[in-house]
>>> print(open('start01.pdb').read())   # PDB, C-alpha atoms
ATOM      1  CA  MET P   3     -49.479  83.689 124.433
ATOM      2  CA  ALA P   4     -49.809  82.116 121.012
ATOM      3  CA  GLY P   5     -48.229  83.402 117.837
ATOM      4  CA  ASN P   6     -44.965  85.099 117.001
ATOM      5  CA  GLN P   7     -43.671  86.938 120.073
ATOM      6  CA  ALA P   8     -40.139  87.601 118.792
ATOM      7  CA  VAL P   9     -40.541  91.357 118.311
ATOM      8  CA  ALA P  10     -42.143  91.869 121.712
ATOM      9  CA  ALA P  11     -39.691  89.594 123.517
ATOM     10  CA  ASN P  12     -36.648  91.342 122.065
ATOM     11  CA  SER P  13     -37.952  94.880 122.505
ATOM     12  CA  VAL P  14     -35.819  95.082 125.654
ATOM     13  CA  VAL P  15     -32.610  94.293 123.739
ATOM     14  CA  GLY P  16     -30.816  97.535 122.938
ATOM     15  CA  PRO P  17     -32.345 100.733 121.558
ATOM     16  CA  HIS P  18     -35.174 100.518 119.034
ATOM     17  CA  ALA P  19     -36.278 102.889 116.295
ATOM     18  CA  ASN P  20     -39.589 104.680 116.000
ATOM     19  CA  LEU P  21     -40.074 102.929 112.675
ATOM     20  CA  ALA P  22     -39.353  99.193 112.929
ATOM     21  CA  ILE P  23     -40.723  95.876 111.750
ATOM     22  CA  THR P  24     -43.965  94.551 113.170
ATOM     23  CA  THR P  25     -45.041  90.966 113.737
ATOM     24  CA  HIS P  26     -45.964  90.794 110.042
ATOM     25  CA  GLY P  27     -42.408  91.646 109.035
ATOM     26  CA  SER P  28     -41.054  89.160 111.555
ATOM     27  CA  ASP P  29     -43.302  86.410 110.163
ATOM     28  CA  TRP P  30     -41.992  87.060 106.664
ATOM     29  CA  TYR P  31     -38.380  87.004 107.840
ATOM     30  CA  PHE P  32     -38.999  83.640 109.535
ATOM     31  CA  THR P  33     -40.490  82.359 106.270
ATOM     32  CA  VAL P  34     -37.402  83.343 104.288
ATOM     33  CA  CYS P  35     -35.226  81.857 107.038
ATOM     34  CA  SER P  36     -37.034  78.540 106.589
ATOM     35  CA  ILE P  37     -36.584  78.639 102.811
ATOM     36  CA  MET P  38     -32.858  79.241 103.229
ATOM     37  CA  GLY P  39     -32.543  76.460 105.796
ATOM     38  CA  VAL P  40     -34.422  73.858 103.754
ATOM     39  CA  THR P  41     -32.380  74.768 100.677
ATOM     40  CA  THR P  42     -29.139  74.337 102.615
ATOM     41  CA  ILE P  43     -30.130  70.878 103.839
ATOM     42  CA  GLY P  44     -31.216  69.858 100.340
ATOM     43  CA  ILE P  45     -27.940  70.997  98.789
ATOM     44  CA  MET P  46     -25.868  69.126 101.376
ATOM     45  CA  ILE P  47     -27.840  65.918 100.766
ATOM     46  CA  TRP P  48     -27.319  66.469  97.043
ATOM     47  CA  ALA P  49     -23.583  66.915  97.632
ATOM     48  CA  LEU P  50     -23.285  63.609  99.494
ATOM     49  CA  LYS P  51     -24.379  61.811  96.338
ATOM     50  CA  LYS P  52     -21.409  63.254  94.454
ATOM     51  CA  PRO P  53     -17.729  62.250  94.611
ATOM     52  CA  GLN P  54     -15.763  64.555  96.895
ATOM     53  CA  THR P  55     -13.901  65.915  93.888
ATOM     54  CA  HIS P  56     -17.229  67.161  92.453
ATOM     55  CA  ARG P  57     -18.672  68.858  95.553
ATOM     56  CA  LEU P  58     -17.008  72.274  95.339
ATOM     57  CA  PHE P  59     -20.004  74.145  93.921
ATOM     58  CA  HIS P  60     -22.406  72.328  96.245
ATOM     59  CA  TYR P  61     -20.413  73.443  99.272
ATOM     60  CA  ILE P  62     -20.157  77.050  98.073
ATOM     61  CA  THR P  63     -23.893  77.348  97.425
ATOM     62  CA  ALA P  64     -24.731  75.616 100.715
ATOM     63  CA  LEU P  65     -22.613  78.191 102.548
ATOM     64  CA  ILE P  66     -24.520  80.985 100.807
ATOM     65  CA  THR P  67     -27.933  79.784 101.930
ATOM     66  CA  ALA P  68     -26.701  78.725 105.394
ATOM     67  CA  VAL P  69     -25.339  82.190 106.196
ATOM     68  CA  ALA P  70     -28.515  83.782 104.827
ATOM     69  CA  CYS P  71     -30.597  81.462 107.015
ATOM     70  CA  ILE P  72     -28.806  82.700 110.142
ATOM     71  CA  ALA P  73     -29.111  86.342 109.088
ATOM     72  CA  TYR P  74     -32.842  86.049 108.424
ATOM     73  CA  TRP P  75     -33.410  84.325 111.748
ATOM     74  CA  CYS P  76     -31.649  87.258 113.397
ATOM     75  CA  MET P  77     -33.799  89.816 111.567
ATOM     76  CA  ALA P  78     -36.972  87.835 112.296
ATOM     77  CA  CYS P  79     -36.112  88.142 115.987
ATOM     78  CA  ASP P  80     -35.672  91.915 115.499
ATOM     79  CA  LEU P  81     -31.992  91.634 116.408
ATOM     80  CA  GLY P  82     -28.868  92.803 114.601
ATOM     81  CA  GLN P  83     -30.385  96.252 114.079
ATOM     82  CA  THR P  84     -29.790  99.818 115.188
ATOM     83  CA  PRO P  85     -31.939 102.985 115.033
ATOM     84  CA  ILE P  86     -30.745 105.740 112.688
ATOM     85  CA  GLN P  87     -32.233 109.185 112.267
ATOM     86  CA  ALA P  88     -33.915 109.211 108.860
ATOM     87  CA  GLU P  89     -32.785 111.905 106.443
ATOM     88  CA  PHE P  90     -36.320 112.239 105.081
ATOM     89  CA  VAL P  91     -39.043 112.197 107.749
ATOM     90  CA  ARG P  92     -42.233 111.450 105.830
ATOM     91  CA  ARG P  93     -45.706 112.074 107.211
ATOM     92  CA  GLY P  94     -47.567 108.836 107.716
ATOM     93  CA  ILE P  95     -44.395 106.759 107.495
ATOM     94  CA  THR P  96     -42.282 107.776 110.484
ATOM     95  CA  ARG P  97     -43.346 108.900 113.910
ATOM     96  CA  ALA P  98     -41.909 111.043 116.690
ATOM     97  CA  ALA P  99     -38.190 111.666 116.175
ATOM     98  CA  GLY P 100     -38.196 109.878 112.829
ATOM     99  CA  THR P 101     -35.652 107.145 113.527
ATOM    100  CA  ARG P 102     -35.610 104.112 111.255
ATOM    101  CA  GLU P 103     -34.479 100.577 111.996
ATOM    102  CA  ILE P 104     -31.374  99.560 110.027
ATOM    103  CA  PHE P 105     -30.451  95.867 109.960
ATOM    104  CA  TYR P 106     -26.657  95.813 109.868
ATOM    105  CA  VAL P 107     -26.820  92.007 110.040
ATOM    106  CA  ARG P 108     -28.162  92.091 106.477
ATOM    107  CA  TYR P 109     -24.879  93.603 105.309
ATOM    108  CA  ILE P 110     -22.869  91.042 107.266
ATOM    109  CA  ASP P 111     -24.827  88.405 105.352
ATOM    110  CA  TRP P 112     -24.087  90.077 102.016
ATOM    111  CA  PHE P 113     -20.423  90.594 102.910
ATOM    112  CA  VAL P 114     -20.055  86.822 103.245
ATOM    113  CA  THR P 115     -22.506  85.500 100.662
ATOM    114  CA  THR P 116     -22.176  87.797  97.640
ATOM    115  CA  PRO P 117     -18.459  86.993  97.108
ATOM    116  CA  LEU P 118     -19.333  83.292  97.309
ATOM    117  CA  LEU P 119     -22.085  83.798  94.760
ATOM    118  CA  LEU P 120     -19.685  85.580  92.419
ATOM    119  CA  LEU P 121     -17.120  82.851  93.021
ATOM    120  CA  ASP P 122     -19.689  80.317  91.822
ATOM    121  CA  LEU P 123     -20.214  82.278  88.618
ATOM    122  CA  LEU P 124     -16.591  83.132  87.886
ATOM    123  CA  LEU P 125     -15.337  79.598  88.518
ATOM    124  CA  THR P 126     -18.089  78.279  86.267
ATOM    125  CA  ALA P 127     -16.877  80.568  83.486
ATOM    126  CA  GLY P 128     -13.253  79.489  83.967
ATOM    127  CA  VAL P 129     -12.066  83.019  84.769
ATOM    128  CA  PRO P 130      -8.389  83.366  85.870
ATOM    129  CA  TRP P 131      -7.739  83.839  89.586
ATOM    130  CA  PRO P 132      -6.390  87.432  89.350
ATOM    131  CA  THR P 133      -9.661  88.526  87.732
ATOM    132  CA  ILE P 134     -11.673  86.628  90.324
ATOM    133  CA  LEU P 135      -9.751  88.338  93.135
ATOM    134  CA  VAL P 136     -10.267  91.896  91.888
ATOM    135  CA  THR P 137     -13.962  91.226  91.229
ATOM    136  CA  LEU P 138     -14.517  89.911  94.745
ATOM    137  CA  VAL P 139     -12.745  92.930  96.251
ATOM    138  CA  ALA P 140     -14.968  95.265  94.219
ATOM    139  CA  ASP P 141     -17.994  93.398  95.541
ATOM    140  CA  GLU P 142     -16.809  93.834  99.141
ATOM    141  CA  ILE P 143     -16.377  97.566  98.522
ATOM    142  CA  MET P 144     -19.948  97.685  97.239
ATOM    143  CA  ILE P 145     -21.309  96.034 100.393
ATOM    144  CA  VAL P 146     -19.256  98.083 102.865
ATOM    145  CA  THR P 147     -20.175 101.399 101.250
ATOM    146  CA  GLY P 148     -23.829 100.356 101.299
ATOM    147  CA  LEU P 149     -23.625  99.679 105.034
ATOM    148  CA  VAL P 150     -21.838 102.941 105.825
ATOM    149  CA  GLY P 151     -24.373 104.829 103.728
ATOM    150  CA  ALA P 152     -27.274 103.178 105.538
ATOM    151  CA  LEU P 153     -25.789 104.199 108.896
ATOM    152  CA  THR P 154     -25.210 107.812 107.792
ATOM    153  CA  GLN P 155     -27.913 110.250 108.890
ATOM    154  CA  THR P 156     -27.177 113.087 106.469
ATOM    155  CA  ARG P 157     -27.357 113.490 102.710
ATOM    156  CA  TYR P 158     -23.733 112.365 102.537
ATOM    157  CA  LYS P 159     -25.078 108.821 102.576
ATOM    158  CA  TRP P 160     -25.671 109.226  98.858
ATOM    159  CA  GLY P 161     -21.937 109.666  98.339
ATOM    160  CA  PHE P 162     -21.430 106.158  99.721
ATOM    161  CA  TRP P 163     -24.257 104.950  97.496
ATOM    162  CA  THR P 164     -22.376 106.401  94.509
ATOM    163  CA  PHE P 165     -19.136 104.664  95.487
ATOM    164  CA  GLY P 166     -21.060 101.431  95.860
ATOM    165  CA  MET P 167     -22.639 101.816  92.437
ATOM    166  CA  ALA P 168     -19.215 102.382  90.860
ATOM    167  CA  ALA P 169     -18.011  99.102  92.374
ATOM    168  CA  PHE P 170     -21.237  97.433  91.278
ATOM    169  CA  PHE P 171     -20.788  98.499  87.650
ATOM    170  CA  PHE P 172     -17.259  97.085  87.708
ATOM    171  CA  VAL P 173     -18.647  93.729  88.872
ATOM    172  CA  VAL P 174     -21.296  93.844  86.144
ATOM    173  CA  TYR P 175     -18.623  94.623  83.544
ATOM    174  CA  GLU P 176     -16.567  91.613  84.621
ATOM    175  CA  LEU P 177     -19.605  89.349  84.360
ATOM    176  CA  LEU P 178     -20.896  90.722  81.068
ATOM    177  CA  VAL P 179     -17.565  91.037  79.264
ATOM    178  CA  ASP P 180     -14.679  89.091  80.755
ATOM    179  CA  ALA P 181     -16.515  86.142  82.308
ATOM    180  CA  ARG P 182     -18.902  85.801  79.369
ATOM    181  CA  ARG P 183     -15.965  85.683  76.945
ATOM    182  CA  HIS P 184     -14.357  82.855  78.902
ATOM    183  CA  ALA P 185     -17.644  80.949  79.145
ATOM    184  CA  ASN P 186     -18.235  81.312  75.408
ATOM    185  CA  ALA P 187     -14.763  79.949  74.712
ATOM    186  CA  LEU P 188     -15.482  76.844  76.788
ATOM    187  CA  GLY P 189     -18.948  76.434  75.250
ATOM    188  CA  GLY P 190     -21.415  73.607  75.866
ATOM    189  CA  PRO P 191     -23.027  73.248  79.308
ATOM    190  CA  ILE P 192     -20.502  75.683  80.791
ATOM    191  CA  LYS P 193     -21.694  78.493  78.547
ATOM    192  CA  SER P 194     -25.398  77.757  79.036
ATOM    193  CA  THR P 195     -25.089  77.436  82.829
ATOM    194  CA  PHE P 196     -23.122  80.658  83.160
ATOM    195  CA  MET P 197     -25.475  82.602  80.897
ATOM    196  CA  ARG P 198     -28.585  81.391  82.712
ATOM    197  CA  CYS P 199     -27.261  82.121  86.204
ATOM    198  CA  GLY P 200     -25.361  85.254  85.189
ATOM    199  CA  VAL P 201     -28.376  86.934  83.595
ATOM    200  CA  LEU P 202     -30.498  86.147  86.659
ATOM    201  CA  THR P 203     -27.853  87.570  88.997
ATOM    202  CA  ILE P 204     -27.285  90.787  87.069
ATOM    203  CA  PHE P 205     -31.025  91.446  86.736
ATOM    204  CA  LEU P 206     -31.655  90.924  90.450
ATOM    205  CA  TRP P 207     -28.600  92.877  91.560
ATOM    206  CA  PHE P 208     -29.818  95.927  89.636
ATOM    207  CA  LEU P 209     -32.909  95.896  91.870
ATOM    208  CA  TYR P 210     -30.963  95.964  95.146
ATOM    209  CA  PRO P 211     -29.854  99.623  94.819
ATOM    210  CA  ILE P 212     -33.497 100.523  94.183
ATOM    211  CA  ALA P 213     -34.543  98.660  97.328
ATOM    212  CA  TRP P 214     -31.822 100.498  99.252
ATOM    213  CA  GLY P 215     -32.961 103.841  97.867
ATOM    214  CA  VAL P 216     -36.582 103.453  98.981
ATOM    215  CA  SER P 217     -35.769 101.952 102.386
ATOM    216  CA  GLU P 218     -32.475 102.768 104.153
ATOM    217  CA  GLY P 219     -31.720 105.624 101.785
ATOM    218  CA  GLY P 220     -34.927 107.532 101.121
ATOM    219  CA  ASN P 221     -37.140 106.212 103.931
ATOM    220  CA  VAL P 222     -40.014 105.833 101.463
ATOM    221  CA  ILE P 223     -41.417 102.426 102.447
ATOM    222  CA  HIS P 224     -42.140 100.831 105.823
ATOM    223  CA  PRO P 225     -39.603  98.315 107.232
ATOM    224  CA  ASP P 226     -42.198  95.561 106.743
ATOM    225  CA  SER P 227     -42.318  96.396 103.031
ATOM    226  CA  GLU P 228     -38.527  96.562 103.029
ATOM    227  CA  ALA P 229     -38.507  93.028 104.442
ATOM    228  CA  VAL P 230     -40.707  91.778 101.597
ATOM    229  CA  PHE P 231     -38.660  93.582  98.929
ATOM    230  CA  TYR P 232     -35.283  92.313 100.120
ATOM    231  CA  GLY P 233     -36.676  88.892 101.014
ATOM    232  CA  ILE P 234     -38.014  88.198  97.525
ATOM    233  CA  LEU P 235     -34.743  89.349  95.976
ATOM    234  CA  ASP P 236     -32.690  87.153  98.301
ATOM    235  CA  VAL P 237     -34.822  84.056  97.677
ATOM    236  CA  LEU P 238     -34.368  84.474  93.930
ATOM    237  CA  ALA P 239     -30.678  85.405  94.197
ATOM    238  CA  LYS P 240     -29.726  82.538  96.527
ATOM    239  CA  PRO P 241     -31.933  79.403  96.636
ATOM    240  CA  VAL P 242     -33.232  79.747  93.066
ATOM    241  CA  PHE P 243     -29.773  80.691  91.785
ATOM    242  CA  SER P 244     -28.208  77.757  93.639
ATOM    243  CA  ILE P 245     -30.616  75.218  92.180
ATOM    244  CA  LEU P 246     -30.126  76.513  88.628
ATOM    245  CA  LEU P 247     -26.349  76.495  89.025
ATOM    246  CA  LEU P 248     -26.140  72.974  90.439
ATOM    247  CA  LEU P 249     -28.506  71.596  87.815
ATOM    248  CA  GLY P 250     -26.178  73.016  85.183
ATOM    249  CA  HIS P 251     -23.139  71.504  86.881
ATOM    250  CA  ARG P 252     -24.529  67.984  86.555
ATOM    251  CA  ASN P 253     -22.851  67.817  83.141
ATOM    252  CA  ILE P 254     -19.716  69.789  84.018
ATOM    253  CA  ASP P 255     -16.550  68.114  85.248
ATOM    254  CA  PRO P 256     -14.442  70.473  87.422
ATOM    255  CA  ALA P 257     -11.438  69.538  85.277
ATOM    256  CA  MET P 258     -13.190  71.217  82.330
ATOM    257  CA  LEU P 259     -12.921  74.483  84.277
ATOM    258  CA  GLY P 260      -9.239  74.034  85.054
ATOM    259  CA  LEU P 261      -9.980  72.902  88.623
ATOM    260  CA  ARG P 262      -7.644  70.061  89.567
ATOM    261  CA  ILE P 263      -9.121  68.537  92.714
ATOM    262  CA  ARG P 264      -7.338  65.327  93.678
ATOM    263  CA  GLU P 265      -7.990  62.703  96.306
ATOM    264  CA  PRO P 266      -5.107  61.585  98.571
ATOM    265  CA  THR P 267      -3.063  58.690  97.172
ATOM    266  CA  GLY P 268      -4.703  55.392  97.976
ATOM    267  CA  TYR P 269      -8.023  57.011  98.984
ATOM    268  CA  GLN P 270     -11.096  55.167  97.770
ATOM    269  CA  GLU P 271     -14.455  56.944  97.627
ATOM    270  CA  LYS P 272     -17.206  55.122  99.510
ATOM    271  CA  GLY P 273     -19.221  53.064  97.069
ATOM    272  CA  ALA P 274     -16.493  53.107  94.425
ATOM    273  CA  ALA P 275     -15.513  49.798  92.858
ATOM    274  CA  ALA P 276     -12.472  48.154  94.396
ATOM    275  CA  PRO P 277      -9.528  47.490  92.077
ATOM    276  CA  THR P 278      -9.668  43.999  90.543
ATOM    277  CA  TYR P 279      -6.945  41.356  90.347
ATOM    278  CA  GLY P 280      -6.747  41.825  86.612
ATOM    279  CA  ALA P 281      -6.210  45.542  87.023
ATOM    280  CA  GLY P 282      -3.413  44.842  89.496
ATOM    281  CA  VAL P 283      -1.723  42.447  87.078
ATOM    282  CA  ASN P 284      -2.017  44.935  84.244
ATOM    283  CA  ASN P 285      -0.593  47.708  86.379
ATOM    284  CA  GLY P 286       2.256  45.455  87.442
ATOM    285  CA  VAL P 287       3.056  44.499  83.867
ATOM    286  CA  ASN P 288       2.851  48.092  82.672
ATOM    287  CA  ASN P 289       5.033  49.338  85.489
ATOM    288  CA  GLY P 290       7.513  46.540  84.871
ATOM    289  CA  VAL P 291       7.722  47.319  81.181
ATOM    290  CA  ASN P 292       8.037  51.049  81.788
ATOM    291  CA  ASN P 293      10.693  50.573  84.434
ATOM    292  CA  GLY P 294      12.537  48.100  82.241
ATOM    293  CA  VAL P 295      12.591  50.470  79.306
ATOM    294  CA  HIS P 296      13.628  53.346  81.541
ATOM    295  CA  ASP P 297      16.425  51.348  83.159
ATOM    296  CA  GLY P 298      17.513  49.970  79.803
ATOM    297  CA  VAL P 299      17.824  53.439  78.321
ATOM    298  CA  ASN P 300      19.712  54.727  81.336
ATOM    299  CA  ASN P 301      22.031  51.737  81.352
ATOM    300  CA  GLY P 302      22.615  52.083  77.635
ATOM    301  CA  VAL P 303      23.516  55.728  77.981
ATOM    302  CA  ASN P 304      25.753  55.098  80.971
ATOM    303  CA  ASN P 305      27.480  52.174  79.301
ATOM    304  CA  GLY P 306      27.941  54.182  76.138
ATOM    305  CA  VAL P 307      29.538  57.026  78.034
ATOM    306  CA  ASN P 308      31.751  54.730  80.074
ATOM    307  CA  ASN P 309      32.839  52.742  77.042
ATOM    308  CA  GLY P 310      33.478  55.903  75.091
ATOM    309  CA  VAL P 311      35.653  57.358  77.829
ATOM    310  CA  HIS P 312      37.470  54.067  78.356
ATOM    311  CA  ASN P 313      38.140  53.552  74.657
ATOM    312  CA  GLY P 314      39.172  57.150  74.219
ATOM    313  CA  VAL P 315      41.701  56.927  77.016
ATOM    314  CA  ASN P 316      43.117  53.629  75.769
ATOM    315  CA  ASN P 317      43.368  54.860  72.213
ATOM    316  CA  GLY P 318      45.022  58.045  73.361
ATOM    317  CA  VAL P 319      47.591  56.164  75.410
ATOM    318  CA  ASN P 320      48.270  53.642  72.673
ATOM    319  CA  ASN P 321      48.586  56.283  69.989
ATOM    320  CA  GLY P 322      50.848  58.347  72.186
ATOM    321  CA  ALA P 323      53.044  55.368  72.905
ATOM    322  CA  TYR P 324      53.172  54.390  69.254
ATOM    323  CA  THR P 325      54.063  57.930  68.208
ATOM    324  CA  GLY P 326      56.750  58.109  70.826
ATOM    325  CA  THR P 327      58.235  54.818  69.684
ATOM    326  CA  THR P 328      58.196  55.862  66.046
ATOM    327  CA  GLY P 329      59.931  59.080  66.901
ATOM    328  CA  THR P 330      62.653  57.187  68.726
ATOM    329  CA  HIS P 331      63.304  54.862  65.792
ATOM    330  CA  THR P 332      63.427  57.772  63.384
ATOM    331  CA  ALA P 333      65.900  59.608  65.473
TER     332      ALA P 333
END
>>> encode(input="start01.pdb", output="structure tokens")
Amino acid sequence: MAGNQAVAANSVVGPHANLAITTHGSDWYFTVCSIMGVTTIGIMIWALKKPQTHRLFHYITALITAVACIAYWCMACDLGQTPIQAEFVRRGITRAAGTREIFYVRYIDWFVTTPLLLLDLLLTAGVPWPTILVTLVADEIMIVTGLVGALTQTRYKWGFWTFGMAAFFFVVYELLVDARRHANALGGPIKSTFMRCGVLTIFLWFLYPIAWGVSEGGNVIHPDSEAVFYGILDVLAKPVFSILLLLGHRNIDPAMLGLRIREPTGYQEKGAAAPTYGAGVNNGVNNGVNNGVHDGVNNGVNNGVNNGVHNGVNNGVNNGAYTGTTGTHTA
């Protein structure tokens, strides 16, 4: 049979909900999977053109899109899901017992990728590590509470949604206040890159709780529509974000952000110019001069101390002997 058979083929894998994605939803998930995969390959090729000391942000963003690619492939195959009794059974939306398909693999994706995305932003702004750590933990709380809420069948799911929103507002505060202040202090391309990517992230992240409310939470829209809603948000929040961030980092040296990334001693990057004879001579002369000055100073100090002690002892002995002799004559 031609066409996408993923949903039908995997219908025998585990229990399935009354309300689940169709082939249309699966097609869209495969499309987003392809976008994530192509973006990952492009970023890695881009990274290979950079020195290893300048690849940190390329690797972080490539991990974001790579993990998302795997998650979307899983959802396109109608895997990584579980049926949950919907709190609100709506006529024309759900059928029979009113169970809805919940993709827990989506939250696994977010649990891995959203901290990496925040790490991109916070490192770009030059935020201190303690602040980065607490912000990432708040983000993880937001994701976990969202998952638990989605898997809760009763109205108590909205309590988890509230906890998640509290963590979300803390993350937004850190981006809008603390991180922005650090980026402004650094100025230049750092400030512009952070502002561009930060505004995009905050705007998109405010839409995710709405998507949750009309899908896993309120059971308002069909899972196919849920796929489109989340898919568009993820494409903008990951591939588009990654491209904007890396374009901004073309003019940013990691050292400007306080990131000291060093190569091993004696390591030479492929394609880098080999040291010349003249450079070796200059280094030898400079090292010789520096060592000579250093040794001269040390020797001078040591000789001064030794001479001072020696002269002091001799003078003391001579003076003592002279005094003793004088005293004898006087007596």
>>> atom_distance(input="start01.pdb", atom1="CA of Arg252 in chain P", atom2="CA of Leu125 in chain P")
14.9 Å
>>> atom_distance(input="start01.pdb", atom1="CA of Tyr74 in chain P", atom2="CA of Glu89 in chain P")
25.9 Å
>>> resolve_selection(input="start01.pdb", expression="the PyMOL selection byres ((chain P and resi 73) around 12)", output="VMD selection string")
chain P and resid 31 to 32 34 to 36 38 to 39 66 to 72 74 to 83 105 to 115 233 236
>>> resolve_selection(input="start01.pdb", expression="the PyMOL selection byres ((chain P and resi 20) around 12)", output="list in words")
Ser13, Pro17, His18, Ala19, Leu21, Ala22, Ile23, Thr24, Thr84, Pro85, Ile86, Gln87, Ala88, Val91, Ile95, Thr96, Arg97, Ala98, Ala99, Gly100, Thr101, Arg102, Glu103, Ile104, His224 and Pro225 of chain P
>>> residues_around(input="start01.pdb", residues="range 58-65 of chain P", least_positions_apart="4", cutoff="10 Å", atoms="all atoms listed in the file", output="ChimeraX atom specification")
/P:38-39,41-50,52,54,69-71,114-115,118-119,121-123,125-126,240-241,243-245,247-248,251,256,261,263
>>> resolve_selection(input="start01.pdb", expression="the PyMOL selection byres ((chain P and resi 200) around 10)", output="list in words")
Leu120, Leu123, Leu124, Ala127, Val174, Leu177, Leu178, Ala181, Arg182, Ser194, Thr195, Phe196, Met197, Arg198, Cys199, Val201, Leu202, Thr203, Ile204, Phe205, Leu206, Phe243 and Leu247 of chain P
>>> residues_around(input="start01.pdb", residues="range 161-169 of chain P", least_positions_apart="4", cutoff="7 Å", atoms="all atoms listed in the file", output="PyMOL selection string")
chain P and resi 140-141+143-144+147-148+150-151+173
>>> atom_distance(input="start01.pdb", atom1="CA of Gly260 in chain P", atom2="CA of Ile145 in chain P")
29.4 Å
>>> closest_residue(input="start01.pdb", among="P:Trp131, P:Leu188, P:Phe208, P:Lys51", to="Ile254 in chain P", atoms="only C-alpha atoms")
P:Leu188
>>> axis_aligned_box(input="start01.pdb", around="range 197-202 of chain P", padding_each_side="8 Å", output="JSON")
{"center_x": -27.9, "center_y": 84.2, "center_z": 83.8, "size_x": 21.1, "size_y": 21.5, "size_z": 21.8}
>>> build_atoms(input="start01.pdb", residues="range 248-264 of chain P", atoms="N, CA and C atoms", output="compact mmCIF listing (two decimals), in the coordinates of the input")
# COMPACT_ATOMS: atom_id res chain seq x y z
N LEU P 248 -26.50 74.37 90.20
CA LEU P 248 -26.14 72.97 90.44
C LEU P 248 -26.76 72.04 89.40
N LEU P 249 -27.93 72.38 88.91
CA LEU P 249 -28.51 71.60 87.82
C LEU P 249 -27.62 71.68 86.58
N GLY P 250 -27.08 72.86 86.32
CA GLY P 250 -26.18 73.02 85.18
C GLY P 250 -24.88 72.27 85.36
N HIS P 251 -24.42 72.17 86.62
CA HIS P 251 -23.14 71.50 86.88
C HIS P 251 -23.24 69.98 86.87
N ARG P 252 -24.41 69.44 86.67
CA ARG P 252 -24.53 67.98 86.56
C ARG P 252 -23.69 67.46 85.40
N ASN P 253 -23.57 68.25 84.34
CA ASN P 253 -22.85 67.82 83.14
C ASN P 253 -21.50 68.51 82.99
N ILE P 254 -20.99 69.08 84.08
CA ILE P 254 -19.72 69.79 84.02
C ILE P 254 -18.73 69.13 84.97
N ASP P 255 -17.63 68.65 84.42
CA ASP P 255 -16.55 68.11 85.25
C ASP P 255 -15.67 69.28 85.69
N PRO P 256 -15.31 69.37 86.98
CA PRO P 256 -14.44 70.47 87.42
C PRO P 256 -13.16 70.60 86.61
N ALA P 257 -12.66 69.48 86.08
CA ALA P 257 -11.44 69.54 85.28
C ALA P 257 -11.65 70.36 84.01
N MET P 258 -12.89 70.42 83.51
CA MET P 258 -13.19 71.22 82.33
C MET P 258 -13.00 72.70 82.61
N LEU P 259 -13.07 73.08 83.88
CA LEU P 259 -12.92 74.48 84.28
C LEU P 259 -11.50 74.80 84.74
N GLY P 260 -10.61 73.83 84.60
CA GLY P 260 -9.24 74.03 85.05
C GLY P 260 -9.06 73.80 86.54
N LEU P 261 -10.05 73.17 87.19
CA LEU P 261 -9.98 72.90 88.62
C LEU P 261 -9.46 71.49 88.83
N ARG P 262 -8.25 71.37 89.33
CA ARG P 262 -7.64 70.06 89.57
C ARG P 262 -7.81 69.70 91.04
N ILE P 263 -8.84 68.94 91.34
CA ILE P 263 -9.12 68.54 92.71
C ILE P 263 -8.81 67.06 92.83
N ARG P 264 -7.79 66.71 93.60
CA ARG P 264 -7.34 65.33 93.68
C ARG P 264 -7.61 64.74 95.05
